[in-house]
Amino acid sequence: MELKLIELSTGKENGTVSVSDALFGTEFNEALVHQVVTAYMSGGRQGTKAQKNRAAVSGGGAKPWNQKGTGRARAGTSRGPIWVGGGRAFPGHNRDFSQKVNKKMYRGAMKSIVAELNRSGRLIVVDDFTVDAPKTKEFKAKLAQLNVTDALVITEGFDEYLYLSVRNLYSADVCDVASIDPVSLIGFKNVVMTQGAVKQLEEQLA
């Protein structure tokens with residue numbers, strides 16, 4: 001399969017890039033993508049909510065008053081749920097929201113997403129993507145040459161200038177091939193990948 005290669009300096013097509021049909025020709029599996037995306041987002045949840053029940057709060061060891069003869073309702077502890085300073089009846093507790101996803105399923109979902117991006121015309125392959133200085137204005141100018149504003153830029157390695165240039169933009173982001181995830185791939189209207197990143201991605205998902 002051949003993908004159009006865009007020269008970033010001119011914004012025009014300048015040749016093609018040969019890619020694997022096994023990656024960019026994969027059929028879209030909506031159920032698999034949904035499962036992997038849900039699992040990825042669930043794994044990011046903290047689940048650190050915690051409250052104390054009547055056994056966890058301090059005090060309440062002695063019976064507040066005699067069982068009979070006081071005229072008051074019987075009570076065995078001063079740390080019950082209906083007492084001020086008592087424990088919660090059904091307290092929240094730490095939870096693990098992570099879901100198990102096999103490596104084969106994860107790679108399959110990533111292939112499916114990348115292939116669908118290509119079929120829908122949302123994948124743009126450029127020869128290179130760099131900025132001369134950590135300037136947001138320069139980064140936006142590079143995207144303007146490609147006629148896109150909402151985009152995820154994927155490079156073959158970490159570029160400090162790019163990361164500093166994009167951090168003030170809510171409609172764009174930058175990551176390297178080792179850091180891509182399914183949520184980021186589907187979270188932007190367009191995905192801009194460098195030629196070197198395409199080759200790395202093929203090796204990573206092979």
# chains A, B, ... in the order shown; residues from 1 in each chain; ligands from 1
call {"tool": "closest_atom_pairs", "arguments": {"of": "stretch 9-51 of chain A", "to": "stretch 135-158 of chain A", "cutoff": "10 Å", "atoms": "only C-alpha atoms", "output": "tab-separated table"}}
result
residue	atom	partner	partner_atom	distance
A:Ser9	CA	A:Gln145	CA	7.6
A:Thr10	CA	A:Gln145	CA	7.0
A:Gly11	CA	A:Gln145	CA	5.1
A:Lys12	CA	A:Leu146	CA	8.2
call {"tool": "write_last_selection", "arguments": {"atoms": "N, CA and C atoms", "output": "compact mmCIF listing (two decimals), in the first residue's frame"}}
result
# COMPACT_ATOMS: atom_id res chain seq x y z
N SER A 9 7.24 21.81 4.30
CA SER A 9 7.64 23.19 3.96
C SER A 9 6.72 23.82 2.91
N THR A 10 6.17 22.99 2.03
CA THR A 10 5.30 23.50 0.97
C THR A 10 3.84 23.13 1.17
N GLY A 11 3.60 22.08 1.95
CA GLY A 11 2.23 21.62 2.16
C GLY A 11 1.66 20.86 0.98
N LYS A 12 2.54 20.45 0.05
CA LYS A 12 2.09 19.75 -1.14
C LYS A 12 2.63 18.32 -1.16
call {"tool": "residues_around", "arguments": {"residues": "A:Lys52", "least_positions_apart": "6", "cutoff": "10 Å", "atoms": "only C-alpha atoms", "output": "number ranges by chain"}}
result
A: 58, 86-93
call {"tool": "write_last_selection", "arguments": {"atoms": "N, CA and C atoms", "output": "PDB file, in the first residue's frame"}}
result
ATOM      1  N   SER A  58     -12.106   6.024  65.599  1.00  0.00           N
ATOM      2  CA  SER A  58     -11.571   5.834  66.943  1.00  0.00           C
ATOM      3  C   SER A  58     -12.657   6.020  67.997  1.00  0.00           C
ATOM      4  N   GLY A  86     -19.636   9.266  64.318  1.00  0.00           N
ATOM      5  CA  GLY A  86     -19.646   7.832  64.053  1.00  0.00           C
ATOM      6  C   GLY A  86     -19.203   7.500  62.638  1.00  0.00           C
ATOM      7  N   GLY A  87     -19.079   6.214  62.368  1.00  0.00           N
ATOM      8  CA  GLY A  87     -18.662   5.764  61.044  1.00  0.00           C
ATOM      9  C   GLY A  87     -19.807   5.779  60.054  1.00  0.00           C
ATOM     10  N   ARG A  88     -19.470   5.686  58.764  1.00  0.00           N
ATOM     11  CA  ARG A  88     -20.484   5.632  57.721  1.00  0.00           C
ATOM     12  C   ARG A  88     -21.091   4.245  57.656  1.00  0.00           C
ATOM     13  N   ALA A  89     -22.373   4.210  57.260  1.00  0.00           N
ATOM     14  CA  ALA A  89     -23.057   2.923  57.179  1.00  0.00           C
ATOM     15  C   ALA A  89     -22.538   2.092  56.005  1.00  0.00           C
ATOM     16  N   PHE A  90     -22.425   2.717  54.853  1.00  0.00           N
ATOM     17  CA  PHE A  90     -21.918   2.012  53.668  1.00  0.00           C
ATOM     18  C   PHE A  90     -20.785   2.845  53.074  1.00  0.00           C
ATOM     19  N   PRO A  91     -19.618   2.784  53.687  1.00  0.00           N
ATOM     20  CA  PRO A  91     -18.519   3.682  53.287  1.00  0.00           C
ATOM     21  C   PRO A  91     -17.928   3.315  51.931  1.00  0.00           C
ATOM     22  N   GLY A  92     -17.408   4.348  51.258  1.00  0.00           N
ATOM     23  CA  GLY A  92     -16.658   4.096  50.045  1.00  0.00           C
ATOM     24  C   GLY A  92     -15.328   3.447  50.373  1.00  0.00           C
ATOM     25  N   HIS A  93     -14.787   2.711  49.436  1.00  0.00           N
ATOM     26  CA  HIS A  93     -13.516   2.020  49.672  1.00  0.00           C
ATOM     27  C   HIS A  93     -12.692   2.027  48.391  1.00  0.00           C
TER      28      HIS A  93
END
call {"tool": "residues_around", "arguments": {"residues": "A:Pro64", "least_positions_apart": "2", "cutoff": "10 Å", "atoms": "only C-alpha atoms", "output": "NGL selection string"}}
result
:A and (60-62 or 66-67 or 74-79)
call {"tool": "closest_residue", "arguments": {"among": "A:Ile6, A:Ala22, A:Ala206, A:Ile124", "to": "A:Met193", "atoms": "only C-alpha atoms"}}
result
A:Ile124
call {"tool": "residues_around", "arguments": {"residues": "stretch 35-50 of chain A", "least_positions_apart": "6", "cutoff": "9 Å", "atoms": "only C-alpha atoms", "output": "count of residues only"}}
result
18
call {"tool": "atom_distance", "arguments": {"atom1": "atom CA of A:Lys103", "atom2": "atom CA of A:Leu205"}}
result
10.1 Å
call {"tool": "residues_around", "arguments": {"residues": "A:Val125", "least_positions_apart": "3", "cutoff": "12 Å", "atoms": "only C-alpha atoms", "output": "MDAnalysis selection string"}}
result
chainID A and resid 2:8 11:19 117:118 121:122 128:129 146 152:155 190:199
call {"tool": "write_last_selection", "arguments": {"atoms": "N, CA and C atoms", "output": "short mmCIF file (atom, residue, chain, number, x, y, z; two decimals), in the first residue's frame"}}
result
data_model
loop_
_atom_site.label_atom_id
_atom_site.label_comp_id
_atom_site.auth_asym_id
_atom_site.auth_seq_id
_atom_site.Cartn_x
_atom_site.Cartn_y
_atom_site.Cartn_z
N GLU A 2 0.41 2.26 -0.70
CA GLU A 2 1.15 3.51 -0.80
C GLU A 2 0.36 4.64 -0.12
N LEU A 3 1.05 5.42 0.70
CA LEU A 3 0.44 6.58 1.34
C LEU A 3 1.07 7.85 0.77
N LYS A 4 0.25 8.87 0.61
CA LYS A 4 0.77 10.14 0.11
C LYS A 4 1.73 10.75 1.13
N LEU A 5 2.84 11.26 0.63
CA LEU A 5 3.82 11.93 1.48
C LEU A 5 3.75 13.43 1.22
N ILE A 6 3.47 14.19 2.28
CA ILE A 6 3.34 15.64 2.17
C ILE A 6 4.64 16.29 2.64
N GLU A 7 5.13 17.21 1.82
CA GLU A 7 6.31 17.99 2.22
C GLU A 7 5.85 19.16 3.09
N LEU A 8 6.30 19.18 4.32
CA LEU A 8 5.79 20.15 5.29
C LEU A 8 6.10 21.59 4.89
N GLY A 11 3.60 22.08 1.95
CA GLY A 11 2.23 21.62 2.16
C GLY A 11 1.66 20.86 0.98
N LYS A 12 2.54 20.45 0.05
CA LYS A 12 2.09 19.75 -1.14
C LYS A 12 2.63 18.32 -1.16
N GLU A 13 1.97 17.49 -1.96
CA GLU A 13 2.37 16.09 -2.06
C GLU A 13 3.73 15.98 -2.73
N ASN A 14 4.58 15.13 -2.16
CA ASN A 14 5.92 14.93 -2.70
C ASN A 14 6.30 13.46 -2.60
N GLY A 15 5.66 12.64 -3.44
CA GLY A 15 5.95 11.22 -3.45
C GLY A 15 5.01 10.43 -2.58
N THR A 16 5.38 9.17 -2.37
CA THR A 16 4.57 8.26 -1.57
C THR A 16 5.45 7.49 -0.60
N VAL A 17 4.80 6.83 0.35
CA VAL A 17 5.48 5.99 1.33
C VAL A 17 4.88 4.59 1.27
N SER A 18 5.72 3.59 1.12
CA SER A 18 5.25 2.21 1.08
C SER A 18 5.02 1.71 2.51
N VAL A 19 3.82 1.21 2.76
CA VAL A 19 3.48 0.72 4.09
C VAL A 19 2.89 -0.68 3.97
N LEU A 117 -8.27 5.56 10.33
CA LEU A 117 -7.83 6.94 10.12
C LEU A 117 -7.38 7.16 8.68
N ASN A 118 -6.68 6.18 8.14
CA ASN A 118 -6.20 6.29 6.76
C ASN A 118 -7.36 6.25 5.77
N GLY A 121 -9.34 9.47 5.58
CA GLY A 121 -8.61 10.66 5.16
C GLY A 121 -8.15 11.54 6.31
N ARG A 122 -8.10 10.99 7.51
CA ARG A 122 -7.70 11.77 8.68
C ARG A 122 -6.23 11.57 9.02
N ASP A 128 8.79 15.43 7.61
CA ASP A 128 9.39 15.75 8.90
C ASP A 128 8.49 16.79 9.58
N PHE A 129 8.61 16.89 10.90
CA PHE A 129 7.82 17.90 11.62
C PHE A 129 8.68 18.41 12.77
N LEU A 146 -0.70 22.46 6.47
CA LEU A 146 -1.38 21.19 6.17
C LEU A 146 -2.89 21.35 6.15
N LEU A 152 -3.22 15.55 16.19
CA LEU A 152 -2.21 14.90 17.02
C LEU A 152 -0.99 14.67 16.14
N VAL A 153 0.15 15.19 16.55
CA VAL A 153 1.38 15.04 15.78
C VAL A 153 2.21 13.93 16.42
N ILE A 154 2.56 12.94 15.63
CA ILE A 154 3.33 11.79 16.12
C ILE A 154 4.70 11.81 15.45
N THR A 155 5.73 11.86 16.26
CA THR A 155 7.10 11.89 15.75
C THR A 155 7.82 10.60 16.16
N ASN A 190 -7.57 14.92 13.23
CA ASN A 190 -6.52 14.49 12.30
C ASN A 190 -5.32 13.96 13.07
N VAL A 191 -4.58 13.09 12.43
CA VAL A 191 -3.34 12.56 12.99
C VAL A 191 -2.24 12.81 11.97
N VAL A 192 -1.23 13.56 12.37
CA VAL A 192 -0.10 13.87 11.51
C VAL A 192 1.10 13.03 11.97
N MET A 193 1.62 12.21 11.07
CA MET A 193 2.74 11.33 11.41
C MET A 193 3.91 11.62 10.47
N THR A 194 5.08 11.60 11.04
CA THR A 194 6.27 11.75 10.21
C THR A 194 6.57 10.42 9.52
N GLN A 195 7.35 10.50 8.47
CA GLN A 195 7.69 9.29 7.71
C GLN A 195 8.41 8.28 8.58
N GLY A 196 9.31 8.77 9.45
CA GLY A 196 10.02 7.86 10.34
C GLY A 196 9.10 7.24 11.38
N ALA A 197 8.10 7.99 11.83
CA ALA A 197 7.16 7.46 12.81
C ALA A 197 6.31 6.34 12.23
N VAL A 198 5.97 6.46 10.95
CA VAL A 198 5.19 5.41 10.29
C VAL A 198 5.95 4.09 10.29
N LYS A 199 7.24 4.15 9.99
CA LYS A 199 8.05 2.93 9.97
C LYS A 199 8.19 2.34 11.37
#
call {"tool": "atom_distance", "arguments": {"atom1": "atom CA of A:Arg72", "atom2": "atom CA of A:Gly59"}}
result
20.7 Å
call {"tool": "select_by_dssp", "arguments": {"residues": "stretch 2-56 of chain A", "states": "strand (DSSP E or B)", "output": "PDB file with N, CA and C atoms, in the first residue's frame"}}
result
ATOM      1  N   GLU A   2       0.410   2.263  -0.697  1.00  0.00           N
ATOM      2  CA  GLU A   2       1.153   3.508  -0.797  1.00  0.00           C
ATOM      3  C   GLU A   2       0.360   4.636  -0.122  1.00  0.00           C
ATOM      4  N   LEU A   3       1.046   5.416   0.703  1.00  0.00           N
ATOM      5  CA  LEU A   3       0.442   6.582   1.338  1.00  0.00           C
ATOM      6  C   LEU A   3       1.071   7.847   0.766  1.00  0.00           C
ATOM      7  N   LYS A   4       0.251   8.873   0.610  1.00  0.00           N
ATOM      8  CA  LYS A   4       0.767  10.143   0.114  1.00  0.00           C
ATOM      9  C   LYS A   4       1.726  10.750   1.129  1.00  0.00           C
ATOM     10  N   LEU A   5       2.836  11.264   0.627  1.00  0.00           N
ATOM     11  CA  LEU A   5       3.821  11.931   1.479  1.00  0.00           C
ATOM     12  C   LEU A   5       3.754  13.431   1.222  1.00  0.00           C
ATOM     13  N   ILE A   6       3.466  14.188   2.279  1.00  0.00           N
ATOM     14  CA  ILE A   6       3.343  15.640   2.170  1.00  0.00           C
ATOM     15  C   ILE A   6       4.639  16.290   2.635  1.00  0.00           C
ATOM     16  N   GLU A   7       5.133  17.215   1.824  1.00  0.00           N
ATOM     17  CA  GLU A   7       6.307  17.992   2.222  1.00  0.00           C
ATOM     18  C   GLU A   7       5.846  19.156   3.086  1.00  0.00           C
ATOM     19  N   LYS A  12       2.538  20.447   0.054  1.00  0.00           N
ATOM     20  CA  LYS A  12       2.089  19.752  -1.143  1.00  0.00           C
ATOM     21  C   LYS A  12       2.634  18.322  -1.160  1.00  0.00           C
ATOM     22  N   GLU A  13       1.967  17.494  -1.962  1.00  0.00           N
ATOM     23  CA  GLU A  13       2.374  16.093  -2.061  1.00  0.00           C
ATOM     24  C   GLU A  13       3.733  15.984  -2.730  1.00  0.00           C
ATOM     25  N   ASN A  14       4.582  15.126  -2.161  1.00  0.00           N
ATOM     26  CA  ASN A  14       5.923  14.927  -2.697  1.00  0.00           C
ATOM     27  C   ASN A  14       6.296  13.456  -2.600  1.00  0.00           C
ATOM     28  N   GLY A  15       5.656  12.643  -3.437  1.00  0.00           N
ATOM     29  CA  GLY A  15       5.950  11.221  -3.455  1.00  0.00           C
ATOM     30  C   GLY A  15       5.007  10.426  -2.582  1.00  0.00           C
ATOM     31  N   THR A  16       5.375   9.175  -2.367  1.00  0.00           N
ATOM     32  CA  THR A  16       4.569   8.259  -1.572  1.00  0.00           C
ATOM     33  C   THR A  16       5.453   7.486  -0.596  1.00  0.00           C
ATOM     34  N   VAL A  17       4.799   6.826   0.348  1.00  0.00           N
ATOM     35  CA  VAL A  17       5.484   5.993   1.332  1.00  0.00           C
ATOM     36  C   VAL A  17       4.883   4.593   1.270  1.00  0.00           C
ATOM     37  N   SER A  18       5.717   3.592   1.118  1.00  0.00           N
ATOM     38  CA  SER A  18       5.245   2.209   1.083  1.00  0.00           C
ATOM     39  C   SER A  18       5.021   1.710   2.506  1.00  0.00           C
TER      40      SER A  18
END
call {"tool": "atom_distance", "arguments": {"atom1": "atom CA of A:Asn29", "atom2": "atom CA of A:Ser179"}}
result
22.3 Å
call {"tool": "closest_residue", "arguments": {"among": "A:Arg167, A:Lys189, A:Arg119, A:Arg107", "to": "A:Glu203", "atoms": "only C-alpha atoms"}}
result
A:Arg107
call {"tool": "closest_residue", "arguments": {"among": "A:Ser112, A:Asn53, A:Asn102, A:Thr70", "to": "A:Phe24", "atoms": "only C-alpha atoms"}}
result
A:Ser112
call {"tool": "residues_around", "arguments": {"residues": "A:Val114", "least_positions_apart": "5", "cutoff": "8 Å", "atoms": "only C-alpha atoms", "output": "ChimeraX atom specification"}}
result
/A:23-24,123,185
call {"tool": "write_last_selection", "arguments": {"atoms": "C-alpha atoms", "output": "mmCIF file, in the first residue's frame"}}
result
data_model
loop_
_atom_site.group_PDB
_atom_site.id
_atom_site.type_symbol
_atom_site.label_atom_id
_atom_site.label_comp_id
_atom_site.auth_asym_id
_atom_site.auth_seq_id
_atom_site.Cartn_x
_atom_site.Cartn_y
_atom_site.Cartn_z
ATOM 1 C CA LEU A 23 -1.410 -2.546 9.330
ATOM 2 C CA PHE A 24 -3.041 0.071 7.130
ATOM 3 C CA LEU A 123 -4.121 10.448 8.531
ATOM 4 C CA LEU A 185 -5.599 8.533 18.316
#
call {"tool": "select_by_dssp", "arguments": {"residues": "stretch 81-163 of chain A", "states": "alpha helix (DSSP H)", "output": "PyMOL selection string"}}
result
chain A and resi 103-119+136-145+160-163
